[in-house]
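Asker: Can you read through this structure? Questions will come right after.
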Amino acid sequence: MATDIKVPALGESVNEATVARWLKKVGDSVAMDDPLVELETDKVTLEVNAPAAGTLAEIAVPEGANVAVGAVLGRIGEGAAKAAAPAKPQPAAAVAQAEVKAPAAAAPAPAGNVAVLERSGPAVRRLVEENRLDAAAIAATGKDGRLTKGDVLAHLERAAPAAAGAKPAPAPAAAPAAPRVPRELGPREERVRMTRLRRRIAERLKEAQNNAAMLTTFNEADMSEVMALRERHRDSFEKKYGVRLGFMSIFVKACIVALREIPAVNAEIAGDDIIYKNHYDIGVAVGTEQGLVVPVVRDADQLNFADIEKTIADFGRRARDGKLSLDELSGGTFTISNGGIYGSLMSTPILNPPQSGILGMHKIQKRPIAVGDRIEIRPMMYLALSYDHRVVDGREAVTFLVRVKECVENPERMLFEV
Amino acid sequence: MAEPAYDVIVIGGGPGGYVAAIRAAQLGFRTACVEKRGSLGGTCLNVGCIPSKALLQSSEKYAEAQHALAQHGIKIAGVELDLQTLMARKDKVVGENTRGVEFLFKKNKVDYVKGAARFLAPGRIAVAPINGGETRELQGKSIIIATGSDVAPLPGVEIDEKTIVSSTGALALPAVPKRLVVIGGGYIGLEMGSVWRRLGSEVTVVEFLDRIIPGMDGELSKNLQRVLTKQGFAFRLGTKVAAAKRGKDGVTLALEPAQGGARDEIACDVALVAIGRRPYTEGLGLETVGVAVDNKGRITVDGGFATNVKGIYAIGDVIAGPMLAHKASEEGVALVETLAGQKSHVNYDAVPGVIYTWPEVASVGRTEEDLKSAGIAYKVGKFPFSANARARANADTEGFVKILADRRSDRVLGVHIIGPDAGTMIAEAALALEYGASAEDIARTCHAHPTLNEAVKEAALAVEGHPLHV
C-alpha cells in the first residue's frame with residue numbers, strides 16, 4: 001500500500017514551491033519523518049518529511065519543477081524497493097496548452113513534465129532546468145507535442161512581464177519572476193541563475209519602488225544615555241534573562257511609542273482605503289548568506305525588553321540556518337533595519353510592502369557635537385525613516401522620527417511615557 | 001473475359017510508381033503497376049540517378065588514380081581508361097537495380113503489367129502490351145498516374161543522341177568527347193559534365209541565368225562554380241544557345257547573351273542539352289477522362305494528390321514540386337497510406353536536394369535568399385571542412401557547412417553543405433527540420449570523432465557564436 005508524499009501547506013498566501021533537492025533516491029529505505037525533499041518558496045526552504053516508513057518508491061516531480069500545495073511529490077511503498085515507474089506519458093499537447101497564470105496549473109503537471117522533457121531535445125532540457133520551469137505548462141508546438149526551443153523562449157518572454165506587474169496586495173505567489181531572453185555572454189563574463197529567494201526580493205523591491213511615493217527623512221540620536229544604561233544593567237540583565245541587553249529592544253520600544261502617536265506610519269494603503277492597524281508587529285531585518293529576511297516580532301508592544309531580545313536572537317540564529325517558517329516572515333506592520341552592523345553611516349532604507357514606514361539604524365560613531373554652546377564628543381547614530389508619502393505626510397514622518405530620537409536619547413521617557 | 005478489378009493501379013514504374021505499388025500491396029490493396037519501358041525503376045534507375053551515380057563513381061576513381069594517389073605514397077604509372085568496361089559496369093548496376101524492383105514486386109505480390117496504359121473512362125484503362133498482342137482492359141478503384149517526366153527540348157537544338165544528346169545519350173557515349181558543351185547549368189548538366197571532364201573532356205557549361213544551380217543557396221552556387229573551375233570547367237553564364245549546326249567534326253553552337261546581343265560560336269564534339277525536364281503524359285488519354293493539366297503540362301492535384309476526376313490521382317514529376325526521386329516516393333507512400341485511411345503527409349519543407357559532383361552539394365530547408373525576401377530574421381553558422389580533422393586526414397577539405405536558424409527561436413530553417421559526403425550528411429539536417437530542432441539541439445548532440453559530420457555540429461555551435469575548432 002503506497003503512501004503519497006504531498007506538498008504541505010506553505011504559509012499564508014504562498015501557493016507554490018519549487019522542488020529544490022531530493023534528499024533520497026528511489027529505492028532508498030526511509031523511516032517515518034525522515035526528510036525526503038527540500039522545497040523552496042519565495043521566502044524559505046522547507047523540508048518535507050516521510051509520512052510513513054518504507055521505501056521511496058517513486059519520485060513524481062523532478063528537481064527544478066514547480067508544485068502546488070497538496071500536489072503529490074512521490075510515493076512511499078512497502079518493503080522491497082520497486083524500480084521507479086516512469087511517469088505515465090500524458091498527451092502532452094493537452095496538458096501543455098495551459099498558460100502559467102494560475103498556480104493550479106502546476107498540480108497536474110508532474111507526470112507529464114518528465115515525459116515531454118525526455119522527448120524534446122537538449123536545448124529545451126537545458127532551458128527548463130536553468131529557469132526552473134514546469135515543462136507541462138509551456139505551450140508546445142513541436143512534433144507530437146514536443147517542446148521546441150522556441151516554445152520555451154516564447155514562454156519565458158511571456159512570463160517576464162506578468163511577474164513585473166505584481167499588485168500591492170498580499171504577496172502574490174503566481175509565476176516566478178522569469179528572466180527575459182538571455183543576452184549573449186561576453187568572454188570574461190559568467191552567468192549565474194538567481195535563487196528563487198533573490199528573485200522574490202528583487203520583485204518586492206521593485207514593487208515598493210513602483211507603488212509607494214517613497215521619501216526618507218533623517219535625524220540623529222545621541223547614544224550616550226542608552227550606552228550608559230546598558231553598561232549599568234548589563235550584567236544583571238544577562239544574569240536574569242540569559243540574553244544580552246542590546247540596542248534592538250530599546251529601538252523597538254521607541255518605535256512603538258512613536259507608532260502609537262503617529263498611527264499613519266503603522267498603516268497600509270489598500271486601493272482607495274487606508275487600513276490602520278491597532279497591533280504592532282515589528283519586523284527586524286536579518287542579513288543571511290542568501291539575502292535579507294525580515295522575521296516579525298508579533299505584538300512587540302506586549303513583550304518586555306528581555307522577550308524582545310530573546311525573540312530577535314532566536315530569529316537571527318534560525319535565519320542563518322534557513323529555518324524560519326513562513327508565518328514568521330509575513331504580516332509585519334513596521335520594519336527596523338540596522339545597516340550599522342555593516343558599517344553604514346547613513347542610508348535610505350527601502351519600504352517592505354505593504355508597510356508604510358521603515359526605520360534605518362546606523363553605525364554609532366563618535367563625533368564632535370554641540371551640546372548647549374560647547375563642543376563635545378558624543379557617540380552619535382544617524383536615523384533614517386523612509387515612508388510612503390501617500391499615507392504619511394511630512395510633518396508626521398518628521399515627528400515620528402523625532403519621537404524615536406527622544407526616546408532613544410532619554411530612555412526614561414519610555415518609562416514615564418512622556 | 002472480364003479482368004479482375006484492382007484496388008490500386010499505378011501507371012508508371014519509377015521511384016514514385018513502384019514505391020506506391022509496393023506500399024499499396026503492403027497495406028493489403030490488390031495492386032497492379034503498368035510500365036511500358038520494359039524495365040522497372042523509371043527514369044531514375046534506367047537513365048537517371050543510378051547510371052549517373054555509377055559513372056560519377058567510376059570517373060572519380062579514374063581521376064583519383066591520375067591525380068590524387070601520389071600524395072598517399074602510391075606510385076602508379078600508365079593509368080588507362082577502358083570506357084567499355086566502365087559503361088558495362090554501369091549497365092550491370094542498372095540491371096541489378098531494375099531486376100531488384102521486379103523481385104520486390106513479386107515478393108509483395110504486385111502485378112507487373114508490361115504495357116502502355118491509356119484511359120478509357122474513370123476507373124478503366126486499356127493496356128497495349130509492349131510485346132504486341134491484344135489490348136487488355138484493367139479496372140481500378142484508384143488509379144495513380146506516376147508517368148514522370150522527359151527531357152525538355154531546346155528549340156533550334158535538336159537532340160539525336162549522337163552528337164547532340166540528352167542526359168540519356170550522355171550516359172552512354174561510345175567515346176570520350178574531346179570537347180563537350182553542356183547546355184544548362186543545373187545539376188544534371190554539372191554531373192554529366194563532371195563525368196566527362198574527369199575522363200578527359202574539355203567541358204564548357206553554357207547557362208542562361210547568371211548563376212549555376214539556380215534555386216539553391218547562392219553561396220553554394222558560387223562555391224561550386226569555383227571548385228568546378230578549378231577542376232577545369234569553363235563557364236559561360238548569362239548566355240543562351242540560339243542555334244546548333246551539325247557538321248562532320250561535331251557541332252557548332254551559336255551563343256548569344258541572354259538579353260540579346262552579338263552572337264559568337266563555340267565548337268564541340270558533343271553538345272548535351274540539359275535545360276530541364278517536363279512532365280510526361282503522352283498517350284495517356286487524359287483528355288478522354290477530362291483530367292486537368294496546367295500550362296506547364298503538369299497534372300493539377302489537390303493536397304491529397306487527387307485530380308479533378310474521382311478515383312484518379314497523380315504523383316511525382318508529373319505534378320508540381322521539385323523533380324526528385326525521393327519526393328515522388330514520399331508522395332506515393334503518403335497517397336497510398338491516405339487511401340488506406342491513415343493520416344499521411346509529405347513535408348515539402350524537409351525534402352533534401354543533392355548534387356553528386358565532387359565535392360557534393362546538399363541542401364534542405366530554406367536558402368538565405370528565400371529568408372531575406374520573406375523578411376525573416378535569421379542567424380548563420382558556417383564551418384569549413386578545412387578545419388575538420390577527418391577531412392584533413394582524407395585529404396579532402398573543400399567546402400563548408402552552413403546552418404541558418406531563426407534569430408529569435410534558434411529553430412533551424414535551412415542547412416546547406418558543399419563538401420565530401422554532403423549528400424549523406426544532409427540526412428541529419430532533414431531530421432532536425434522534421435522535429436523543429438534548434439541549432440542548439442544539433443550542437444548539443446554528440447557527434448563521433450573523427451567524422452565529417454562534426455562539421456555540422458561545429459556549424460551549429462557557430463550559429464551561437466562559439467565554434468570550438470575554428
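Chain labels A, B, ... are given in the sequence in which chains occur in the C-alpha cells; within each chain residues are numbered consecutively from 1, and ligands are likewise numbered from 1 in the order shown.
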Can I get the residues of chain B within 7 Å of chain A, each with the closest pair of atoms and their distance in Å to one decimal, using only C-alpha atoms, sorted chain first then ascending number, as JSON lines?
Answerer:
{"residue": "B:Ser409", "atom": "CA", "partner": "A:Gly150", "partner_atom": "CA", "distance": 4.0}
{"residue": "B:Asp410", "atom": "CA", "partner": "A:Gly150", "partner_atom": "CA", "distance": 6.6}
{"residue": "B:Arg411", "atom": "CA", "partner": "A:Gly150", "partner_atom": "CA", "distance": 6.7}
{"residue": "B:Tyr435", "atom": "CA", "partner": "A:Lys143", "partner_atom": "CA", "distance": 5.6}
{"residue": "B:Gly436", "atom": "CA", "partner": "A:Gly142", "partner_atom": "CA", "distance": 6.1}
{"residue": "B:Ala437", "atom": "CA", "partner": "A:Thr148", "partner_atom": "CA", "distance": 6.5}
{"residue": "B:Ser438", "atom": "CA", "partner": "A:Lys149", "partner_atom": "CA", "distance": 6.1}
{"residue": "B:Glu440", "atom": "CA", "partner": "A:Ala123", "partner_atom": "CA", "distance": 5.7}
{"residue": "B:Asp441", "atom": "CA", "partner": "A:Ala123", "partner_atom": "CA", "distance": 5.2}
{"residue": "B:Arg444", "atom": "CA", "partner": "A:Pro122", "partner_atom": "CA", "distance": 6.3}
Asker: Can you tell me, as a PyMOL selection string, which residues in segment 188-287 of chain A count as strand (DSSP E or B) by DSSP?
Answerer: chain A and resi 214-222+268-270+273-275+282-284+286-287
Asker: Which residue gives the smallest distance to Tyr112 of chain B among B:Pro129, B:Gly238, B:Gly414, B:Gly419, with only C-alpha atoms counted?
Answerer: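 Closest residue, counting only C-alpha atoms: B:Pro129.
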Asker: Could you pull the residues within 10 Å of segment 36-46 of chain B, counting only C-alpha atoms, minus those fewer than 4 positions along the same chain, as an NGL selection string?
Answerer: :B and (11-19 or 50-52 or 91 or 93-102 or 105 or 112-117 or 127-131 or 146-150 or 168 or 324-325)
Asker: Quick one: pull the distance between atom CA of Ser330 of chain A and atom CA of Leu46 of chain A, Å, one decimal.
Answerer: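 Calculated distance between atom CA of Ser330 of chain A and atom CA of Leu46 of chain A is 15.7 Å.
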Asker: What lies within 12 Å of Ile266 of chain B using only C-alpha atoms, ignoring chain neighbours under 4 positions off, as a list of chain:residue names?
Answerer: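 Close residues of Ile266 of chain B: B:Arg179, B:Leu180, B:Val181, B:Val182, B:Ile183, B:Val203, B:Thr204, B:Val205, B:Val206, B:Arg236, B:Thr239, B:Lys240, B:Val241, B:Ala242, B:Ala243, B:Ala244, B:Lys245, B:Gly250, B:Val251, B:Thr252, B:Leu253, B:Ala254, B:Leu255, B:Glu256, B:Val270, B:Ala271.
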Asker: Could you state the separation of atom CA of Thr18 of chain A and atom CA of Gly77 of chain A in Å, given to one decimal place?
Answerer: 23.8 Å
